Amino acid sequence: MSRAKDLLVSGVVLLLGRRGKPKFPAEHEQRIVEPGPPNRGAETVVLVLLVLVAAAAIAFMVIFSFERLAHQTQYLGLALGGAFVLLAAACVVIAHKLIVTEELQEPYPDLEHPQEIAEIDQIVDESGSRFTRKRLVRMAGLGAIGTLGLAMITPALSLGPAFATQKLKWTPWKRGRRLVDSEGRPLKATDVEEGSFYTAYPEGADRELIGSPLVVVRVPENELKSRHDWAPSGVVAFSKICTHAGCAISLYRKPTFAPVEPRPALVCPCHYSTFDPADGGKVIFGPAGRALPQLPLEVDGEGYLRAKGNFDEPIGPSWWGVRKGKAYSS
Amino acid sequence: MIRGIVRYVDTRSGGAPFVKKALRYVFPDHWSFLLGEVALYVFMLLVATGIYLTFFFDDSRSMTVYHGSYVPLHGASMSRAYESVVHLSFDVRAGLLMRQTHHWAADVFVAAIVMHLLRVLLTGAYRKPRDLTYIGGVTMLVLALLEGYLGYSMVDDLLSGMGLAIGYSVAMSLPLIGGKLAMLLWGGPYPGSPSFWPRMYIAHVLIIPILIGLVLSMHLLLVASRHHTQFKKSPRETERQVVGVPTFPGQAPRSLGLMFGTWGVLFLLGGLAQINPIWLWGPYHVGDATNGAQPDWYLGWLIGALRLVPSFDVVVGGYTLVPNPFWGGALFPLIVIGLLYLWPWLERKLSGDEAFHNLLERPRDNPRRTATVLALLVWVFLVFMAGSADRVYVFLGLSYSHQIWGYRAAVIVVPILTYFAARRVCRELLAGEVVQELHEQAKSEAVSGEVSA
């Protein structure tokens, strides 16, 4: 029995040994990488980690295969992220326990190659020795290439109507145009309550234009400081687009400190430019450099709010020509 | 087996000597040298997840009405771009994982670049012969900021639209040419022509990634050809000799570990930590905005700068020479980026140091430089913090306008104080080292005196 066992063991050893024979006999070996002792414990850890990586990868595929699974994104992330973290752990164990950390030293590369530098200079110089008017040719060459370069980038002007900045002053608002809410229902003056805030659009026009959206509020008539004839029964309308950076003004702030802020103010949520609705949209805080353009209003026979004309000035963020000329709609 | 493969490749490429050299390339060892590597690995993941996202994204702003599986948005009018991202998030398996991982990766990408940049600035790693490498790095930072901005803009959710409106206004605010430039880029008055979205898309998925890839290749090539810098840890590290771990086997498993670890963490974040839930923001319309809007962190410094400027436009003869957003949205970043670009040259001019440097300085070794870097950092950081004053108001009730006035003063005073404080600390640390050295010298002399006695 024990003899059979011995035979079996020696057979296995022989069999495995044949494969594991070193390619280079140790005595001839001139190692490049420094030697180090084996570390079977760390090897086992790496093996376990690698098996877990495969398990997590399989888990990812299994989770993916479900048509609808609650929290599928979380499980997928856990499996895939977990697989990579485990793989990273295996690498770290290999780096610290199974690889010899050698410390090599070598000279830094030469900073300069004076010989080659001189030769390149010489080659270029000698190559042009048949030219007699070098400066002129060089200038002509640069001029030609520069002009051609300009020609090559000229088609970029087709991207947009760069010289049509006049269009920046266009809005769809004109005399008689009704104000409608976001559902398209015409807005009545009596719909506008004090202390509340309404967004309105021009009836029958594209709402995705920068000149379309309005903010409408009601100011007590005795508090109105200017433009009384633009505000039927205290209802005032301004462009909803902030004159600072083009965001939609969507805050209507209650007075926070009465002596300084007696009335609610219109506030842009992007950079907190603050405008006074009772005083022609004047800037009272924040970075905006221009008052909020106001739309003159009137009320028709049925009580609907209508524009009495276009804005008093171009709407939206400022540019070079924003203070020259008026908003137009024709 | 390995020998066979190497022989196959070598006989066809002649690459064996190069590979041999690359395997034994010397990496000086310090944890801070890994920050740039993190950025590289994140970039790889951004490309991979980004390619996946392109298969599902629609770059059109033509309007449609939503009827998908996310019920709260039923019947809402939205662009096809936004609809395709909502669809990707709810109806494509692993779609949300990839999208969130991509978004997290973008945030980490810029963070890793900034940390890497700070390391390079504080240790003088940008000095000759690595100033060109450094300029490539700053260029990648600029490209990464632009890439991130386009990435979250083209989704066309409410925050995208607000960000684009601000970008449009900053373009408009450039003196003289602003209006023309905005019309050219957007193809018409905001929100621009329908072609603007496909253009943004092609810039985000093709033009800028290729530019980053090119600059990145140059950056790595230059790093390898001039070799890494190193700290002076022993007499063996000199300006002429580099000491470190070879690529293989020493450095390879560490770098791979870092790479897989970075990817693992990003996938975990992408799966477990919600980011940019666009279905909660809703689709963008020109007339809509939301309160509490905050951009991705790396644009926070621009929001802060735009908010800090007091109300004025510079008007000359009826023409608006400098519209307000120029100061915070264009001039401020131009100053910061310009300073970063000119930094190696400025230092050479101011210090007169034209020599080449392979040895790094510790921050304390160069008190003036360290103080300048920290002052610049504090300046940008305070402006960044000013961008969150509205959230501080909401959570802590501190008056917004008082905070803004506080920041307006702080961005001038605190960087100056930081400069002097940091310089002092560096000098004290150095002086402390001298005392320590003298102390140890005296001690060893005393010991050797006892022995000889």
# chains A, B, ... in the order shown; residues from 1 in each chain; ligands from 1
>>> residues_around(residues="segment 91-96 of chain B", least_positions_apart="2", cutoff="12 Å", atoms="only C-alpha atoms", output="JSON, numbers by chain")
{"A": [60, 61, 63, 64, 65, 66, 67, 68, 69, 70, 71, 72, 73, 74, 75, 76, 77, 78, 79, 80], "B": [49, 50, 51, 52, 53, 54, 55, 56, 57, 68, 69, 70, 83, 84, 85, 86, 87, 88, 89, 98, 99, 100, 101, 102, 103, 104, 267, 269, 270, 271, 272, 273, 274, 275, 276, 277, 278, 279]}
>>> interface_residues(of="chain B", to="chain A", cutoff="6 Å", atoms="only C-alpha atoms", output="PyMOL selection string")
chain B and resi 97+162+165-166+169+172-173+176+179-180+183-184+187+189-190+240-245+250+253-254+257+260-261+264+267-268+271-272+286-289+291+307+309-313+319-321+323-324
>>> write_last_selection(atoms="N, CA and C atoms", output="tab-separated table (two decimals), in the first residue's frame")
chain	number	residue	atom	x	y	z
B	97	LEU	N	-25.18	54.06	-15.65
B	97	LEU	CA	-23.86	53.78	-15.05
B	97	LEU	C	-22.76	54.46	-15.88
B	162	MET	N	-28.65	77.35	-18.96
B	162	MET	CA	-28.18	78.51	-18.20
B	162	MET	C	-26.68	78.71	-18.42
B	165	ALA	N	-26.16	80.19	-21.84
B	165	ALA	CA	-26.53	81.61	-21.88
B	165	ALA	C	-25.38	82.44	-21.31
B	166	ILE	N	-24.76	81.95	-20.25
B	166	ILE	CA	-23.64	82.68	-19.64
B	166	ILE	C	-22.45	82.70	-20.59
B	169	SER	N	-23.08	85.21	-23.20
B	169	SER	CA	-22.94	86.58	-22.71
B	169	SER	C	-21.48	86.96	-22.54
B	172	MET	N	-20.21	87.69	-25.92
B	172	MET	CA	-20.72	89.01	-26.32
B	172	MET	C	-19.95	90.14	-25.67
B	173	SER	N	-19.42	89.88	-24.46
B	173	SER	CA	-18.83	90.95	-23.66
B	173	SER	C	-17.41	91.31	-24.10
B	176	LEU	N	-15.35	95.33	-28.51
B	176	LEU	CA	-15.38	95.48	-29.97
B	176	LEU	C	-15.96	94.30	-30.72
B	179	GLY	N	-20.03	90.98	-30.01
B	179	GLY	CA	-21.30	90.70	-30.68
B	179	GLY	C	-21.10	89.87	-31.93
B	180	LYS	N	-20.07	90.24	-32.71
B	180	LYS	CA	-19.80	89.51	-33.94
B	180	LYS	C	-19.38	88.07	-33.65
B	183	MET	N	-22.36	85.98	-32.64
B	183	MET	CA	-23.19	85.67	-33.81
B	183	MET	C	-22.52	84.59	-34.66
B	184	LEU	N	-21.20	84.67	-34.76
B	184	LEU	CA	-20.45	83.71	-35.57
B	184	LEU	C	-20.53	82.31	-34.94
B	187	GLY	N	-24.28	81.18	-34.51
B	187	GLY	CA	-25.02	81.16	-35.78
B	187	GLY	C	-26.26	82.02	-35.75
B	189	PRO	N	-28.69	85.10	-32.99
B	189	PRO	CA	-28.92	85.48	-31.60
B	189	PRO	C	-29.26	84.23	-30.77
B	190	TYR	N	-28.89	84.27	-29.48
B	190	TYR	CA	-29.15	83.17	-28.58
B	190	TYR	C	-30.61	82.71	-28.68
B	240	ARG	N	22.73	65.26	-12.28
B	240	ARG	CA	23.18	64.50	-13.44
B	240	ARG	C	22.80	63.02	-13.36
B	241	GLN	N	22.33	62.57	-12.19
B	241	GLN	CA	22.03	61.14	-12.03
B	241	GLN	C	20.65	60.94	-11.43
B	242	VAL	N	19.86	60.08	-12.09
B	242	VAL	CA	18.51	59.81	-11.61
B	242	VAL	C	18.47	58.47	-10.89
B	243	VAL	N	17.74	58.41	-9.78
B	243	VAL	CA	17.66	57.19	-8.97
B	243	VAL	C	16.19	56.81	-8.82
B	244	GLY	N	15.88	55.53	-9.05
B	244	GLY	CA	14.49	55.14	-8.88
B	244	GLY	C	14.24	53.68	-9.21
B	245	VAL	N	12.96	53.38	-9.35
B	245	VAL	CA	12.49	52.01	-9.59
B	245	VAL	C	12.36	51.82	-11.10
B	250	GLY	N	9.39	46.76	-11.25
B	250	GLY	CA	9.06	47.55	-10.07
B	250	GLY	C	7.84	48.45	-10.21
B	253	PRO	N	3.42	47.09	-11.69
B	253	PRO	CA	2.23	46.73	-10.89
B	253	PRO	C	1.71	47.89	-10.06
B	254	ARG	N	2.57	48.83	-9.67
B	254	ARG	CA	2.07	49.99	-8.91
B	254	ARG	C	1.20	50.85	-9.82
B	257	GLY	N	-1.95	49.11	-10.66
B	257	GLY	CA	-2.81	49.15	-9.49
B	257	GLY	C	-3.52	50.49	-9.39
B	260	PHE	N	-6.22	50.63	-12.27
B	260	PHE	CA	-7.44	49.86	-11.99
B	260	PHE	C	-8.17	50.46	-10.80
B	261	GLY	N	-7.41	50.92	-9.81
B	261	GLY	CA	-8.03	51.52	-8.64
B	261	GLY	C	-8.83	52.76	-9.02
B	264	GLY	N	-11.87	51.69	-10.82
B	264	GLY	CA	-12.80	51.05	-9.88
B	264	GLY	C	-13.57	52.09	-9.09
B	267	PHE	N	-16.12	53.84	-11.31
B	267	PHE	CA	-17.31	53.02	-11.58
B	267	PHE	C	-18.19	52.92	-10.33
B	268	LEU	N	-17.54	52.81	-9.16
B	268	LEU	CA	-18.33	52.78	-7.92
B	268	LEU	C	-19.10	54.08	-7.76
B	271	GLY	N	-21.95	54.21	-10.20
B	271	GLY	CA	-23.07	53.33	-9.88
B	271	GLY	C	-23.81	53.76	-8.63
B	272	LEU	N	-23.07	54.27	-7.65
B	272	LEU	CA	-23.66	54.48	-6.33
B	272	LEU	C	-23.96	55.93	-5.99
B	286	VAL	N	-35.67	78.88	-23.17
B	286	VAL	CA	-35.00	80.17	-23.00
B	286	VAL	C	-35.61	80.97	-21.83
B	287	GLY	N	-36.90	80.80	-21.61
B	287	GLY	CA	-37.56	81.56	-20.56
B	287	GLY	C	-37.51	80.91	-19.19
B	288	ASP	N	-36.78	79.81	-19.02
B	288	ASP	CA	-36.75	79.12	-17.74
B	288	ASP	C	-35.37	79.21	-17.09
B	289	ALA	N	-35.38	79.20	-15.77
B	289	ALA	CA	-34.13	79.11	-15.02
B	289	ALA	C	-34.49	78.53	-13.66
B	291	ASN	N	-33.41	78.25	-9.40
B	291	ASN	CA	-32.60	78.83	-8.33
B	291	ASN	C	-31.62	77.78	-7.82
B	307	ARG	N	-20.08	86.88	-10.24
B	307	ARG	CA	-20.97	87.41	-9.20
B	307	ARG	C	-20.32	88.53	-8.39
B	309	VAL	N	-18.30	91.00	-9.38
B	309	VAL	CA	-18.09	92.31	-10.02
B	309	VAL	C	-19.28	93.22	-9.73
B	310	PRO	N	-19.02	94.46	-9.30
B	310	PRO	CA	-20.13	95.39	-9.06
B	310	PRO	C	-20.79	95.79	-10.38
B	311	SER	N	-21.96	96.44	-10.25
B	311	SER	CA	-22.77	96.76	-11.43
B	311	SER	C	-22.18	97.92	-12.22
B	312	PHE	N	-21.54	97.65	-13.36
B	312	PHE	CA	-21.17	98.72	-14.29
B	312	PHE	C	-20.78	98.14	-15.64
B	313	ASP	N	-21.07	98.89	-16.69
B	313	ASP	CA	-20.55	98.63	-18.03
B	313	ASP	C	-19.66	99.83	-18.35
B	319	TYR	N	-20.95	103.74	-27.10
B	319	TYR	CA	-20.63	102.34	-27.37
B	319	TYR	C	-20.22	101.65	-26.08
B	320	THR	N	-20.68	100.43	-25.92
B	320	THR	CA	-20.38	99.70	-24.70
B	320	THR	C	-19.04	99.00	-24.89
B	321	LEU	N	-17.98	99.65	-24.41
B	321	LEU	CA	-16.63	99.13	-24.64
B	321	LEU	C	-16.41	97.83	-23.88
B	323	PRO	N	-18.64	95.36	-21.63
B	323	PRO	CA	-19.81	94.87	-20.89
B	323	PRO	C	-19.36	94.09	-19.65
B	324	ASN	N	-20.20	94.12	-18.64
B	324	ASN	CA	-19.82	93.61	-17.33
B	324	ASN	C	-19.26	92.18	-17.27
>>> select_by_dssp(residues="segment 45-183 of chain B", states="strand (DSSP E)", output="PyMOL selection string")
chain B and resi 63-65+77-79
>>> write_last_selection(atoms="N, CA and C atoms", output="PDB file, in the first residue's frame")
ATOM      1  N   MET B  63     -37.445  70.271 -31.332  1.00  0.00           N
ATOM      2  CA  MET B  63     -38.287  70.010 -30.169  1.00  0.00           C
ATOM      3  C   MET B  63     -39.196  68.808 -30.384  1.00  0.00           C
ATOM      4  N   THR B  64     -39.446  68.122 -29.290  1.00  0.00           N
ATOM      5  CA  THR B  64     -40.319  66.964 -29.337  1.00  0.00           C
ATOM      6  C   THR B  64     -41.075  66.911 -28.005  1.00  0.00           C
ATOM      7  N   VAL B  65     -42.071  66.046 -27.934  1.00  0.00           N
ATOM      8  CA  VAL B  65     -42.811  65.904 -26.678  1.00  0.00           C
ATOM      9  C   VAL B  65     -42.502  64.543 -26.083  1.00  0.00           C
ATOM     10  N   SER B  77     -42.376  69.429 -23.280  1.00  0.00           N
ATOM     11  CA  SER B  77     -41.701  69.718 -24.539  1.00  0.00           C
ATOM     12  C   SER B  77     -40.203  69.835 -24.272  1.00  0.00           C
ATOM     13  N   MET B  78     -39.409  69.174 -25.096  1.00  0.00           N
ATOM     14  CA  MET B  78     -37.966  69.147 -24.854  1.00  0.00           C
ATOM     15  C   MET B  78     -37.235  68.905 -26.168  1.00  0.00           C
ATOM     16  N   SER B  79     -35.928  69.155 -26.155  1.00  0.00           N
ATOM     17  CA  SER B  79     -35.153  68.902 -27.364  1.00  0.00           C
ATOM     18  C   SER B  79     -34.845  67.407 -27.467  1.00  0.00           C
TER      19      SER B  79
END
>>> residues_around(residues="Pro220 of chain A", least_positions_apart="2", cutoff="12 Å", atoms="only C-alpha atoms", output="VMD selection string")
chain A and resid 192 to 195 217 to 218 222 to 225 228 231 to 236 262 to 264 277 to 278
>>> closest_residue(among="B:Asn358, B:Thr123, B:Thr229, B:Gln294", to="Gly163 of chain B", atoms="only C-alpha atoms")
B:Gln294
>>> select_by_dssp(residues="segment 175-422 of chain B", states="helix (DSSP H, G or I)", output="number ranges by chain")
B: 178-186, 196-226, 247-272, 278-281, 297-308, 325-351, 363-365, 367-386, 389-396, 400-422
>>> residues_around(residues="segment 142-151 of chain B", least_positions_apart="5", cutoff="7 Å", atoms="only C-alpha atoms", output="PyMOL selection string")
chain B and resi 106+110+200+204+208+212
>>> closest_residue(among="B:Phe196, B:Tyr407, B:Phe332, B:Phe109", to="Trp263 of chain B", atoms="only C-alpha atoms")
B:Phe109
>>> closest_residue(among="A:Arg175, A:Pro293, A:Gly184, A:Phe257", to="Lys308 of chain A", atoms="only C-alpha atoms")
A:Arg175
>>> residues_around(residues="Val373 of chain B", least_positions_apart="3", cutoff="8 Å", atoms="only C-alpha atoms", output="count of residues only")
7
>>> residues_around(residues="Ile404 of chain B", least_positions_apart="6", cutoff="9 Å", atoms="only C-alpha atoms", output="short mmCIF file (atom, residue, chain, number, x, y, z; two decimals) with N, CA and C atoms, in the first residue's frame")
data_model
loop_
_atom_site.label_atom_id
_atom_site.label_comp_id
_atom_site.auth_asym_id
_atom_site.auth_seq_id
_atom_site.Cartn_x
_atom_site.Cartn_y
_atom_site.Cartn_z
N ARG B 307 -20.08 86.88 -10.24
CA ARG B 307 -20.97 87.41 -9.20
C ARG B 307 -20.32 88.53 -8.39
N LEU B 308 -18.98 88.54 -8.32
CA LEU B 308 -18.32 89.51 -7.45
C LEU B 308 -18.23 90.91 -8.05
N ALA B 386 -16.84 82.41 -3.40
CA ALA B 386 -17.86 83.46 -3.58
C ALA B 386 -19.01 82.93 -4.44
N ALA B 389 -21.91 81.59 -2.35
CA ALA B 389 -22.50 82.44 -1.31
C ALA B 389 -24.02 82.27 -1.22
#
>>> atom_distance(atom1="atom CA of Arg368 of chain B", atom2="atom CA of Arg423 of chain B")
6.0 Å
>>> closest_residue(among="B:Leu158, B:Leu299, B:Ala76, B:Val42", to="Gly387 of chain B", atoms="only C-alpha atoms")
B:Leu299
>>> residues_around(residues="Asp353 of chain B", least_positions_apart="3", cutoff="12 Å", atoms="only C-alpha atoms", output="PyMOL selection string")
chain B and resi 124+127-128+344-350+356-357
>>> write_last_selection(atoms="N, CA and C atoms", output="mmCIF file, in the first residue's frame")
data_model
loop_
_atom_site.group_PDB
_atom_site.id
_atom_site.type_symbol
_atom_site.label_atom_id
_atom_site.label_comp_id
_atom_site.auth_asym_id
_atom_site.auth_seq_id
_atom_site.Cartn_x
_atom_site.Cartn_y
_atom_site.Cartn_z
ATOM 1 N N GLY B 124 8.837 73.276 -8.310
ATOM 2 C CA GLY B 124 9.709 73.803 -9.362
ATOM 3 C C GLY B 124 9.991 72.803 -10.466
ATOM 4 N N ARG B 127 10.741 73.872 -14.318
ATOM 5 C CA ARG B 127 11.912 74.643 -14.757
ATOM 6 C C ARG B 127 12.613 73.948 -15.911
ATOM 7 N N LYS B 128 13.464 74.678 -16.602
ATOM 8 C CA LYS B 128 14.230 74.135 -17.711
ATOM 9 C C LYS B 128 14.884 72.823 -17.272
ATOM 10 N N PRO B 344 7.050 79.822 -15.962
ATOM 11 C CA PRO B 344 8.475 79.457 -16.035
ATOM 12 C C PRO B 344 9.326 80.622 -16.528
ATOM 13 N N TRP B 345 8.810 81.362 -17.502
ATOM 14 C CA TRP B 345 9.545 82.478 -18.079
ATOM 15 C C TRP B 345 9.681 83.614 -17.059
ATOM 16 N N LEU B 346 8.555 83.907 -16.357
ATOM 17 C CA LEU B 346 8.591 84.957 -15.340
ATOM 18 C C LEU B 346 9.604 84.626 -14.257
ATOM 19 N N GLU B 347 9.608 83.352 -13.846
ATOM 20 C CA GLU B 347 10.540 82.990 -12.777
ATOM 21 C C GLU B 347 11.985 83.153 -13.231
ATOM 22 N N ARG B 348 12.241 82.746 -14.493
ATOM 23 C CA ARG B 348 13.600 82.911 -15.012
ATOM 24 C C ARG B 348 13.997 84.384 -15.022
ATOM 25 N N LYS B 349 13.052 85.251 -15.443
ATOM 26 C CA LYS B 349 13.348 86.688 -15.504
ATOM 27 C C LYS B 349 13.592 87.247 -14.108
ATOM 28 N N LEU B 350 12.718 86.864 -13.158
ATOM 29 C CA LEU B 350 12.784 87.477 -11.832
ATOM 30 C C LEU B 350 13.947 86.938 -11.005
ATOM 31 N N PHE B 356 19.581 74.501 -15.860
ATOM 32 C CA PHE B 356 18.629 73.396 -15.928
ATOM 33 C C PHE B 356 18.547 72.719 -14.572
ATOM 34 N N HIS B 357 17.385 72.096 -14.298
ATOM 35 C CA HIS B 357 17.145 71.521 -12.979
ATOM 36 C C HIS B 357 16.489 70.167 -13.100
#
>>> atom_distance(atom1="atom CA of Tyr126 of chain B", atom2="atom CA of Ala355 of chain B")
12.4 Å
>>> decode(residues="segment 85-130 of chain A", atoms="C-alpha atoms", output="mmCIF file, in the first residue's frame")
data_model
loop_
_atom_site.group_PDB
_atom_site.id
_atom_site.type_symbol
_atom_site.label_atom_id
_atom_site.label_comp_id
_atom_site.auth_asym_id
_atom_site.auth_seq_id
_atom_site.Cartn_x
_atom_site.Cartn_y
_atom_site.Cartn_z
ATOM 1 C CA VAL A 85 -10.791 47.726 -7.137
ATOM 2 C CA LEU A 86 -10.025 44.038 -6.472
ATOM 3 C CA LEU A 87 -7.747 43.964 -9.512
ATOM 4 C CA ALA A 88 -6.020 47.060 -8.175
ATOM 5 C CA ALA A 89 -5.597 45.316 -4.815
ATOM 6 C CA ALA A 90 -3.991 42.319 -6.546
ATOM 7 C CA CYS A 91 -1.565 44.665 -8.325
ATOM 8 C CA VAL A 92 -0.690 46.395 -5.075
ATOM 9 C CA VAL A 93 0.009 43.080 -3.324
ATOM 10 C CA ILE A 94 2.188 42.032 -6.275
ATOM 11 C CA ALA A 95 4.027 45.351 -6.187
ATOM 12 C CA HIS A 96 4.751 45.250 -2.483
ATOM 13 C CA LYS A 97 5.139 41.549 -1.678
ATOM 14 C CA LEU A 98 6.002 39.647 -4.831
ATOM 15 C CA ILE A 99 8.190 41.950 -6.876
ATOM 16 C CA VAL A 100 11.673 42.931 -5.843
ATOM 17 C CA THR A 101 11.828 46.693 -5.507
ATOM 18 C CA GLU A 102 15.099 47.460 -7.219
ATOM 19 C CA GLU A 103 16.678 50.830 -7.039
ATOM 20 C CA LEU A 104 18.477 51.711 -10.244
ATOM 21 C CA GLN A 105 20.502 54.758 -11.026
ATOM 22 C CA GLU A 106 21.511 56.134 -14.359
ATOM 23 C CA PRO A 107 22.744 59.410 -15.782
ATOM 24 C CA TYR A 108 20.185 61.931 -16.991
ATOM 25 C CA PRO A 109 20.152 62.290 -20.780
ATOM 26 C CA ASP A 110 22.432 64.978 -22.215
ATOM 27 C CA LEU A 111 20.834 68.390 -22.020
ATOM 28 C CA GLU A 112 22.166 69.494 -25.394
ATOM 29 C CA HIS A 113 23.689 67.963 -28.502
ATOM 30 C CA PRO A 114 25.973 70.842 -29.617
ATOM 31 C CA GLN A 115 27.389 68.882 -32.560
ATOM 32 C CA GLU A 116 23.960 68.166 -34.074
ATOM 33 C CA ILE A 117 22.671 71.651 -33.359
ATOM 34 C CA ALA A 118 25.612 73.159 -35.245
ATOM 35 C CA GLU A 119 25.208 70.701 -38.101
ATOM 36 C CA ILE A 120 21.471 71.342 -38.511
ATOM 37 C CA ASP A 121 22.157 75.056 -38.599
ATOM 38 C CA GLN A 122 24.886 74.496 -41.175
ATOM 39 C CA ILE A 123 22.727 72.237 -43.368
ATOM 40 C CA VAL A 124 19.911 74.785 -43.472
ATOM 41 C CA ASP A 125 22.337 77.601 -44.112
ATOM 42 C CA GLU A 126 24.224 75.850 -46.898
ATOM 43 C CA SER A 127 21.037 74.628 -48.568
ATOM 44 C CA GLY A 128 20.065 78.191 -49.341
ATOM 45 C CA SER A 129 23.416 79.283 -50.675
ATOM 46 C CA ARG A 130 22.134 79.646 -54.264
#
